[in-house]
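Visitor: Coordinates in my_file27.txt, compact mmCIF, C-alpha atoms, are listed below.
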# COMPACT_ATOMS: atom_id res chain seq x y z
CA MET M 17 53.60 -26.98 296.47
CA LYS M 18 50.12 -25.50 296.30
CA ARG M 19 47.40 -26.69 298.70
CA GLU M 20 43.90 -26.78 297.22
CA ARG M 21 40.47 -28.02 298.18
CA LEU M 22 39.94 -31.67 297.29
CA ASP M 23 36.66 -30.98 295.50
CA LYS M 24 38.31 -28.29 293.37
CA VAL M 25 41.15 -30.62 292.37
CA LEU M 26 38.78 -33.39 291.36
CA ALA M 27 36.35 -31.06 289.57
CA ASN M 28 39.25 -29.62 287.55
CA MET M 29 40.19 -33.16 286.56
CA ALA M 30 36.72 -33.82 285.13
CA PHE M 31 35.43 -36.05 287.91
CA GLY M 32 32.29 -33.95 287.87
CA THR M 33 30.98 -30.66 289.19
CA ARG M 34 31.76 -29.64 292.77
CA LYS M 35 28.34 -31.02 293.73
CA GLU M 36 29.01 -34.34 292.01
CA VAL M 37 32.47 -34.58 293.61
CA LYS M 38 30.92 -34.00 297.03
CA ALA M 39 28.59 -36.92 296.31
CA LEU M 40 31.59 -39.13 295.51
CA VAL M 41 33.15 -38.18 298.83
CA LYS M 42 29.89 -38.86 300.67
CA GLN M 43 29.77 -42.33 299.11
CA GLY M 44 33.26 -43.04 300.45
CA LEU M 45 34.77 -43.36 296.96
CA VAL M 46 37.59 -40.84 297.44
CA VAL M 47 40.70 -41.94 299.33
CA VAL M 48 43.64 -39.67 300.25
CA ASP M 49 46.89 -41.33 301.36
CA GLY M 50 45.03 -44.53 302.19
CA VAL M 51 42.34 -42.83 304.28
CA VAL M 52 38.75 -42.44 303.09
CA ALA M 53 38.06 -38.72 302.65
CA THR M 54 35.04 -37.40 304.57
CA ASP M 55 35.42 -33.68 303.89
CA PRO M 56 35.31 -32.48 300.23
CA GLY M 57 36.77 -29.17 301.43
CA MET M 58 39.91 -30.74 302.91
CA HIS M 59 43.11 -29.26 301.55
CA VAL M 60 45.50 -31.49 299.64
CA VAL M 61 48.76 -31.15 297.75
CA ALA M 62 47.76 -33.08 294.66
CA GLU M 63 51.30 -33.47 293.31
CA GLU M 64 52.52 -35.14 296.49
CA GLN M 65 49.59 -37.06 297.90
CA GLU M 66 48.09 -40.31 296.66
CA ILE M 67 44.47 -39.72 295.74
CA THR M 68 42.17 -42.38 294.32
CA VAL M 69 38.59 -42.18 293.07
CA ASP M 70 36.66 -45.45 293.14
CA GLY M 71 39.98 -47.28 293.41
CA GLU M 72 41.64 -45.53 290.46
CA PRO M 73 44.63 -43.23 291.17
CA ILE M 74 44.34 -39.75 289.70
CA ASN M 75 47.08 -38.43 287.44
CA PHE M 76 47.32 -34.82 288.57
CA LYS M 77 49.37 -32.36 286.54
CA ARG M 78 49.92 -28.82 287.78
CA TRP M 79 51.05 -27.50 284.40
CA VAL M 80 49.50 -28.41 281.08
CA TYR M 81 51.14 -27.74 277.69
CA VAL M 82 49.08 -28.61 274.61
CA LEU M 83 50.08 -28.35 270.96
CA LEU M 84 47.00 -27.89 268.80
CA ASN M 85 46.64 -27.83 265.03
CA LYS M 86 43.95 -25.15 264.97
CA PRO M 87 41.30 -25.68 262.30
CA PRO M 88 39.54 -22.83 260.47
CA GLY M 89 36.27 -21.54 261.89
CA VAL M 90 37.43 -21.84 265.50
CA VAL M 91 38.37 -18.77 267.56
CA SER M 92 41.51 -18.48 269.69
CA ALA M 93 39.70 -17.78 272.95
CA THR M 94 38.50 -19.54 276.07
CA GLU M 95 34.88 -18.54 275.53
CA ASP M 96 32.77 -17.08 272.76
CA ASN M 97 29.00 -16.63 272.45
CA VAL M 98 28.92 -17.37 268.73
CA HIS M 99 31.81 -19.54 267.61
CA GLN M 100 33.46 -22.72 268.80
CA THR M 101 36.67 -21.97 270.72
CA VAL M 102 40.01 -23.74 270.73
CA VAL M 103 39.45 -24.94 274.30
CA ASP M 104 36.20 -26.58 273.18
CA LEU M 105 38.37 -29.00 271.20
CA LEU M 106 40.18 -30.23 274.32
CA PRO M 107 39.24 -32.67 277.08
CA TYR M 108 37.42 -31.01 279.97
CA GLU M 109 40.29 -31.47 282.45
CA TRP M 110 42.56 -29.43 280.15
CA ALA M 111 39.93 -27.02 278.84
CA VAL M 112 39.12 -25.65 282.29
CA LYS M 113 42.78 -24.83 282.90
CA VAL M 114 44.44 -23.57 279.74
CA HIS M 115 44.45 -20.45 277.60
CA PRO M 116 45.84 -19.92 274.09
CA VAL M 117 49.30 -18.38 273.85
CA GLY M 118 48.60 -15.60 271.38
CA ARG M 119 45.88 -15.74 268.76
CA LEU M 120 45.27 -16.98 265.25
CA ASP M 121 42.54 -15.41 263.12
CA ILE M 122 39.34 -17.44 262.86
CA ASP M 123 40.17 -18.54 259.29
CA THR M 124 43.87 -19.19 260.00
CA GLU M 125 45.04 -22.73 260.64
CA GLY M 126 48.04 -24.26 262.29
CA LEU M 127 50.19 -24.24 265.37
CA LEU M 128 48.66 -22.95 268.58
CA LEU M 129 50.06 -23.56 272.04
CA LEU M 130 47.67 -23.72 275.00
CA THR M 131 48.85 -23.77 278.60
CA ASN M 132 48.12 -22.67 282.15
CA ASP M 133 51.76 -21.59 282.59
CA GLY M 134 51.44 -17.81 282.64
CA GLN M 135 55.17 -17.25 282.94
CA LEU M 136 55.89 -19.21 279.78
CA SER M 137 53.06 -17.41 277.95
CA HIS M 138 54.49 -14.03 278.91
CA SER M 139 57.97 -15.08 277.81
CA LEU M 140 56.77 -16.20 274.38
CA LEU M 141 54.53 -13.18 273.78
CA SER M 142 56.75 -10.42 275.18
CA PRO M 143 57.85 -8.04 272.41
CA LYS M 144 61.27 -7.88 274.07
CA LYS M 145 61.82 -11.58 273.41
CA LYS M 146 61.13 -11.23 269.67
CA VAL M 147 60.00 -14.84 269.32
CA ASP M 148 59.57 -15.39 265.59
CA LYS M 149 56.49 -16.95 263.98
CA GLU M 150 56.62 -18.68 260.62
CA TYR M 151 53.65 -19.06 258.29
CA PHE M 152 52.85 -20.84 255.05
CA ALA M 153 50.46 -18.93 252.81
CA ARG M 154 48.80 -18.94 249.42
CA ILE M 155 48.56 -15.49 247.89
CA ASP M 156 46.18 -14.36 245.17
CA GLY M 157 48.62 -12.68 242.80
CA ILE M 158 52.27 -12.71 241.84
CA VAL M 159 54.82 -12.40 244.66
CA THR M 160 58.17 -11.09 243.45
CA GLU M 161 61.72 -10.57 244.70
CA GLN M 162 60.80 -6.92 245.19
CA HIS M 163 58.30 -8.00 247.81
CA VAL M 164 61.07 -10.04 249.46
CA ARG M 165 63.22 -6.91 249.69
CA GLU M 166 60.34 -4.78 251.00
CA PHE M 167 59.51 -7.31 253.71
CA ALA M 168 63.18 -7.42 254.72
CA LYS M 169 63.12 -3.64 255.28
CA GLY M 170 59.88 -3.71 257.28
CA VAL M 171 56.46 -2.93 255.84
CA GLU M 172 54.85 0.42 256.60
CA LEU M 173 51.25 -0.02 257.70
CA GLU M 174 48.72 2.60 258.77
CA ASP M 175 49.48 2.35 262.48
CA PHE M 176 53.03 1.00 262.61
CA THR M 177 55.98 -0.21 260.59
CA THR M 178 56.71 -3.90 261.01
CA LEU M 179 60.05 -5.26 262.05
CA PRO M 180 62.05 -6.79 259.19
CA ALA M 181 60.43 -10.02 258.02
CA LYS M 182 61.79 -12.94 256.02
CA LEU M 183 59.75 -13.73 252.91
CA GLU M 184 60.54 -16.88 250.92
CA ILE M 185 58.85 -17.52 247.57
CA LEU M 186 58.00 -21.18 247.03
CA SER M 187 56.15 -20.58 243.77
CA SER M 188 55.00 -17.46 241.96
CA GLY M 189 52.02 -17.14 239.65
CA GLU M 190 48.34 -16.26 239.67
CA VAL M 191 48.35 -18.00 243.05
CA SER M 192 51.73 -17.78 244.78
CA GLU M 193 52.92 -19.96 247.64
CA ILE M 194 55.23 -18.45 250.23
CA ARG M 195 56.69 -18.80 253.69
CA VAL M 196 57.00 -15.70 255.84
CA THR M 197 58.62 -15.24 259.24
CA ILE M 198 57.66 -12.28 261.43
CA MET M 199 58.82 -11.12 264.86
CA GLU M 200 55.57 -9.51 266.04
CA GLY M 201 52.08 -10.94 266.11
CA LYS M 202 49.85 -7.94 265.55
CA PHE M 203 46.19 -8.31 264.59
CA HIS M 204 45.89 -9.58 260.97
CA GLN M 205 49.58 -8.72 260.52
CA VAL M 206 50.52 -11.10 257.70
CA LYS M 207 47.33 -10.28 255.80
CA ARG M 208 47.91 -6.56 256.26
CA MET M 209 51.51 -6.80 255.10
CA PHE M 210 50.49 -8.35 251.79
CA ALA M 211 47.48 -6.04 251.48
CA ALA M 212 49.94 -3.12 251.59
CA PHE M 213 51.11 -4.32 248.16
CA GLY M 214 47.63 -5.04 246.81
CA LEU M 215 47.85 -8.78 247.44
CA HIS M 216 45.26 -10.98 249.16
CA VAL M 217 46.10 -13.87 251.49
CA ALA M 218 43.83 -16.74 250.42
CA TYR M 219 45.13 -19.30 252.90
CA LEU M 220 47.28 -18.93 256.02
CA GLN M 221 48.79 -21.56 258.27
CA ARG M 222 51.21 -21.05 261.15
CA ILE M 223 53.90 -23.71 261.01
CA ARG M 224 56.33 -22.57 263.70
CA MET M 225 56.54 -20.46 266.87
CA GLY M 226 60.11 -20.00 268.07
CA PRO M 227 61.59 -23.50 268.40
CA LEU M 228 58.17 -25.19 268.35
CA HIS M 229 57.08 -26.68 265.02
CA LEU M 230 53.64 -27.81 263.90
CA ASP M 231 53.46 -31.60 264.13
CA PRO M 232 52.65 -32.95 260.63
CA ALA M 233 50.98 -35.96 262.29
CA LEU M 234 48.25 -33.70 263.71
CA ALA M 235 45.25 -33.16 261.46
CA PRO M 236 43.34 -29.88 261.88
CA GLY M 237 41.55 -30.03 265.23
CA GLU M 238 43.91 -32.63 266.68
CA TYR M 239 46.22 -31.99 269.62
CA ARG M 240 48.79 -33.58 271.91
CA GLU M 241 50.87 -32.67 274.93
CA LEU M 242 54.31 -31.20 274.35
CA THR M 243 57.25 -33.55 274.60
CA GLU M 244 59.87 -32.87 277.28
CA GLU M 245 62.29 -31.80 274.56
CA GLU M 246 59.81 -29.29 273.10
CA LEU M 247 59.04 -27.88 276.54
CA ASN M 248 62.74 -27.49 277.37
CA LEU M 249 63.30 -25.64 274.09
CA LEU M 250 60.43 -23.23 274.84
CA GLN M 251 61.55 -22.63 278.41
CA ASN M 252 65.01 -21.72 277.17
CA VAL M 253 63.83 -19.16 274.60
CA ASN M 254 66.11 -16.12 274.88
CA LYS M 255 67.31 -17.01 278.37
For this file, produce the structure as structure tokens.

Guide:
Amino acid sequence: MKRERLDKVLANMAFGTRKEVKALVKQGLVVVDGVVATDPGMHVVAEEQEITVDGEPINFKRWVYVLLNKPPGVVSATEDNVHQTVVDLLPYEWAVKVHPVGRLDIDTEGLLLLTNDGQLSHSLLSPKKKVDKEYFARIDGIVTEQHVREFAKGVELEDFTTLPAKLEILSSGEVSEIRVTIMEGKFHQVKRMFAAFGLHVAYLQRIRMGPLHLDPALAPGEYRELTEEELNLLQNVNK
């Protein structure tokens, strides 16, 4: 287990800045294993030791896994000088820890996983793993069975040819509705694939990443922690 400074642990759990945490310690409000803490720099193993602040036990979690329904207008980053970021939507104690696993375009909605588990992130994003991503989209223009066949072969773009993709037509007309599953996650990939056939993606929502599905109970901007079952499924991807 990892040993960390007490003030860092408490600051990361939104008990205040390091300075404010030190004030809590000075006031005798922080207790570790039944003993009043006097040194904010003391090293603790937060998972194993009993720590209370003003009589309330802290609920320390080393790893955080958050499922977010990303709304449009928010960028998939931990910081941005212009736009609101996905971590801005989360409570402070999670926001200071996590990063988005992959990215969704600013106008794209849907499933986004955020975590501080770098090993899991690498596993899900590694091209070798070929973790598929499924999207729902509305397309300006008529999508045909020919497009389905072209997607299944792989679409040739300016800088690369995509891996075979599964395109399912839900409705076809002036505005078509489709589901598409891709293996990569290149920049603007779904939009570029349709643009290769002169079609414009008017709306895009990610609904699945590997075994993880977007929770229909989450409105755009809402989030929750992963269930144990969801986490186990992700950790077993391509093992």

Visitor: Quick check, in Å to one decimal: how far apart do CA of Lys77 in chain M and CA of Ala235 in chain M lie?

Guide: 25.4 Å

Visitor: Find the distance between CA of Ala30 in chain M and CA of Ser137 in chain M and write it in Å to one decimal.

Guide: 24.2 Å

Visitor: Which residue gives the smallest distance to Tyr108 in chain M among M:Arg208, M:Leu220, M:Phe31, M:Phe203, with all atoms listed in the file counted?

Guide: M:Phe31

Visitor: Please indicate the distance in Å from CA of Ala39 in chain M to CA of Val51 in chain M, rounded to one decimal place.

Guide: 17.0 Å

Visitor: Go through M:Val196, M:Val103, M:Leu230, M:Leu22 and flag the residue nearest Gly126 in chain M, using only C-alpha atoms for the distances.

Guide: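 Looking at the shortest contact to Gly126 in chain M, the residue is M:Leu230.
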
Visitor: Give me the residues near Ala212 in chain M as an mmCIF file with C-alpha atoms, in the frame of the given file, where near means some atom within 10 Å (using all atoms listed in the file) and where sequence neighbours in that chain fewer than 5 positions away do not count.

Guide:
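And here's out31.cif as it stands now:
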data_model
loop_
_atom_site.group_PDB
_atom_site.id
_atom_site.type_symbol
_atom_site.label_atom_id
_atom_site.label_comp_id
_atom_site.auth_asym_id
_atom_site.auth_seq_id
_atom_site.Cartn_x
_atom_site.Cartn_y
_atom_site.Cartn_z
ATOM 1 C CA VAL M 171 56.460 -2.930 255.840
ATOM 2 C CA GLU M 172 54.850 0.420 256.600
ATOM 3 C CA LEU M 173 51.250 -0.020 257.700
ATOM 4 C CA GLU M 174 48.720 2.600 258.770
ATOM 5 C CA LYS M 207 47.330 -10.280 255.800
#

Visitor: Would you mind telling me which residue in M:Ser139, M:Ser187, M:Thr178, M:Thr243 lies nearest to Ile155 in chain M when using all atoms listed in the file?

Guide: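 Of M:Ser139, M:Ser187, M:Thr178, M:Thr243, the one nearest Ile155 in chain M, counting all atoms listed in the file, is M:Ser187.
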
Visitor: Skip range 92-94 of chain M itself and residues of its chain fewer than 4 positions away, then list as a PyMOL selection string all residues within 8 Å of it, counting all atoms listed in the file.

Guide: chain M and resi 101-104+115-116+118-122

Visitor: Could you please take those selected residues and save C-alpha atoms as an mmCIF file, keeping the file's coordinate frame?

Guide:
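This is the output file again_2.cif:
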data_model
loop_
_atom_site.group_PDB
_atom_site.id
_atom_site.type_symbol
_atom_site.label_atom_id
_atom_site.label_comp_id
_atom_site.auth_asym_id
_atom_site.auth_seq_id
_atom_site.Cartn_x
_atom_site.Cartn_y
_atom_site.Cartn_z
ATOM 1 C CA THR M 101 36.670 -21.970 270.720
ATOM 2 C CA VAL M 102 40.010 -23.740 270.730
ATOM 3 C CA VAL M 103 39.450 -24.940 274.300
ATOM 4 C CA ASP M 104 36.200 -26.580 273.180
ATOM 5 C CA HIS M 115 44.450 -20.450 277.600
ATOM 6 C CA PRO M 116 45.840 -19.920 274.090
ATOM 7 C CA GLY M 118 48.600 -15.600 271.380
ATOM 8 C CA ARG M 119 45.880 -15.740 268.760
ATOM 9 C CA LEU M 120 45.270 -16.980 265.250
ATOM 10 C CA ASP M 121 42.540 -15.410 263.120
ATOM 11 C CA ILE M 122 39.340 -17.440 262.860
#

Visitor: Out of M:Asn132, M:Pro180, M:Gly89, M:Arg78, which residue has the shortest atom-to-atom distance to Val112 in chain M when counting only C-alpha atoms?

Guide: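 Once distances to Val112 in chain M are computed over only C-alpha atoms, the minimum belongs to M:Asn132.
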
Visitor: Find the residue from M:Ala153, M:Met209, M:Val98, M:Val217 that sits nearest to Ile194 in chain M; use all atoms listed in the file when measuring.

Guide: M:Ala153

Visitor: Would you mind telling me which residue in M:Phe176, M:Leu40, M:Val69, M:Ala218 lies nearest to Asp55 in chain M when using only C-alpha atoms?

Guide: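 Among the listed residues, the smallest separation from Asp55 in chain M belongs to M:Leu40.
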
Visitor: Give me the residues within 10 Å of Glu72 in chain M as a PyMOL selection string, counting only C-alpha atoms and dropping any in the same chain fewer than 6 places off.

Guide: chain M and resi 45-47

Visitor: Counting all atoms listed in the file, write as a compact mmCIF listing (two decimals) with C-alpha atoms, in the coordinates of the input all protein and nucleic acid residues lying at most 9 Å from (54.9, -14.5, 260.3) in the file's frame.

Guide:
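Once written, out10.txt looks like this:
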# COMPACT_ATOMS: atom_id res chain seq x y z
CA ASP M 148 59.57 -15.39 265.59
CA LYS M 149 56.49 -16.95 263.98
CA GLU M 150 56.62 -18.68 260.62
CA TYR M 151 53.65 -19.06 258.29
CA PHE M 152 52.85 -20.84 255.05
CA ALA M 181 60.43 -10.02 258.02
CA LYS M 182 61.79 -12.94 256.02
CA LEU M 183 59.75 -13.73 252.91
CA ARG M 195 56.69 -18.80 253.69
CA VAL M 196 57.00 -15.70 255.84
CA THR M 197 58.62 -15.24 259.24
CA ILE M 198 57.66 -12.28 261.43
CA MET M 199 58.82 -11.12 264.86
CA GLU M 200 55.57 -9.51 266.04
CA GLY M 201 52.08 -10.94 266.11
CA GLN M 205 49.58 -8.72 260.52
CA VAL M 206 50.52 -11.10 257.70
CA ARG M 222 51.21 -21.05 261.15
CA ARG M 224 56.33 -22.57 263.70

Visitor: Excluding Gln162 in chain M and residues on its chain fewer than 3 positions from it, collect all residues at most 12 Å away from it, counting all atoms listed in the file, and give them as a tab-separated table (two decimals) with C-alpha atoms, in the frame of the given file.

Guide:
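Wrote out.tsv, looks like this:
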chain	number	residue	atom	x	y	z
M	158	ILE	CA	52.27	-12.71	241.84
M	159	VAL	CA	54.82	-12.40	244.66
M	165	ARG	CA	63.22	-6.91	249.69
M	166	GLU	CA	60.34	-4.78	251.00
M	167	PHE	CA	59.51	-7.31	253.71
M	168	ALA	CA	63.18	-7.42	254.72
M	169	LYS	CA	63.12	-3.64	255.28
M	183	LEU	CA	59.75	-13.73	252.91
M	184	GLU	CA	60.54	-16.88	250.92
M	185	ILE	CA	58.85	-17.52	247.57
M	213	PHE	CA	51.11	-4.32	248.16

Visitor: Some atoms are absent from range 216-237 of chain M, so rebuild N, CA, C and O atoms and return them as a short mmCIF file (atom, residue, chain, number, x, y, z; two decimals), in the coordinates of the input.

Guide:
data_model
loop_
_atom_site.label_atom_id
_atom_site.label_comp_id
_atom_site.auth_asym_id
_atom_site.auth_seq_id
_atom_site.Cartn_x
_atom_site.Cartn_y
_atom_site.Cartn_z
N HIS M 216 46.23 -10.40 248.21
CA HIS M 216 45.26 -10.98 249.16
C HIS M 216 45.74 -12.35 249.62
O HIS M 216 46.13 -13.20 248.79
N VAL M 217 45.73 -12.57 250.93
CA VAL M 217 46.10 -13.87 251.49
C VAL M 217 44.87 -14.78 251.43
O VAL M 217 43.88 -14.56 252.12
N ALA M 218 44.96 -15.82 250.59
CA ALA M 218 43.83 -16.74 250.42
C ALA M 218 43.84 -17.85 251.45
O ALA M 218 42.78 -18.39 251.79
N TYR M 219 45.01 -18.21 251.92
CA TYR M 219 45.13 -19.30 252.90
C TYR M 219 46.35 -19.01 253.78
O TYR M 219 47.40 -18.60 253.27
N LEU M 220 46.19 -19.23 255.10
CA LEU M 220 47.28 -18.93 256.02
C LEU M 220 47.35 -20.02 257.09
O LEU M 220 46.33 -20.38 257.69
N GLN M 221 48.56 -20.51 257.28
CA GLN M 221 48.79 -21.56 258.27
C GLN M 221 50.08 -21.26 259.03
O GLN M 221 51.14 -21.06 258.43
N ARG M 222 49.99 -21.24 260.37
CA ARG M 222 51.21 -21.05 261.15
C ARG M 222 51.89 -22.41 261.31
O ARG M 222 51.27 -23.38 261.74
N ILE M 223 53.18 -22.45 260.98
CA ILE M 223 53.90 -23.71 261.01
C ILE M 223 55.00 -23.74 262.07
O ILE M 223 55.55 -24.80 262.36
N ARG M 224 55.29 -22.58 262.67
CA ARG M 224 56.33 -22.57 263.70
C ARG M 224 56.15 -21.37 264.61
O ARG M 224 55.72 -20.30 264.16
N MET M 225 56.49 -21.55 265.90
CA MET M 225 56.54 -20.46 266.87
C MET M 225 57.83 -20.66 267.67
O MET M 225 57.91 -21.59 268.48
N GLY M 226 58.82 -19.80 267.43
CA GLY M 226 60.11 -20.00 268.07
C GLY M 226 60.65 -21.36 267.70
O GLY M 226 60.69 -21.75 266.53
N PRO M 227 61.04 -22.18 268.69
CA PRO M 227 61.59 -23.50 268.40
C PRO M 227 60.52 -24.59 268.23
O PRO M 227 60.84 -25.74 267.95
N LEU M 228 59.25 -24.21 268.40
CA LEU M 228 58.17 -25.19 268.35
C LEU M 228 57.57 -25.26 266.95
O LEU M 228 57.11 -24.27 266.41
N HIS M 229 57.58 -26.48 266.38
CA HIS M 229 57.08 -26.68 265.02
C HIS M 229 55.73 -27.40 265.04
O HIS M 229 55.46 -28.22 265.93
N LEU M 230 54.91 -27.11 264.05
CA LEU M 230 53.64 -27.81 263.90
C LEU M 230 53.93 -29.28 263.60
O LEU M 230 54.74 -29.60 262.73
N ASP M 231 53.27 -30.16 264.33
CA ASP M 231 53.46 -31.60 264.13
C ASP M 231 52.67 -32.04 262.90
O ASP M 231 51.44 -31.94 262.88
N PRO M 232 53.37 -32.54 261.85
CA PRO M 232 52.65 -32.95 260.63
C PRO M 232 51.71 -34.13 260.85
O PRO M 232 50.84 -34.40 260.02
N ALA M 233 51.86 -34.82 261.99
CA ALA M 233 50.98 -35.96 262.29
C ALA M 233 49.62 -35.50 262.82
O ALA M 233 48.70 -36.31 262.91
N LEU M 234 49.51 -34.22 263.17
CA LEU M 234 48.25 -33.70 263.71
C LEU M 234 47.38 -33.14 262.58
O LEU M 234 47.75 -32.18 261.92
N ALA M 235 46.22 -33.72 262.40
CA ALA M 235 45.25 -33.16 261.46
C ALA M 235 44.61 -31.93 262.09
O ALA M 235 44.66 -31.76 263.32
N PRO M 236 44.02 -31.03 261.29
CA PRO M 236 43.34 -29.88 261.88
C PRO M 236 42.32 -30.32 262.94
O PRO M 236 41.52 -31.22 262.71
N GLY M 237 42.42 -29.68 264.11
CA GLY M 237 41.55 -30.03 265.23
C GLY M 237 42.16 -31.03 266.19
O GLY M 237 41.63 -31.23 267.29
#
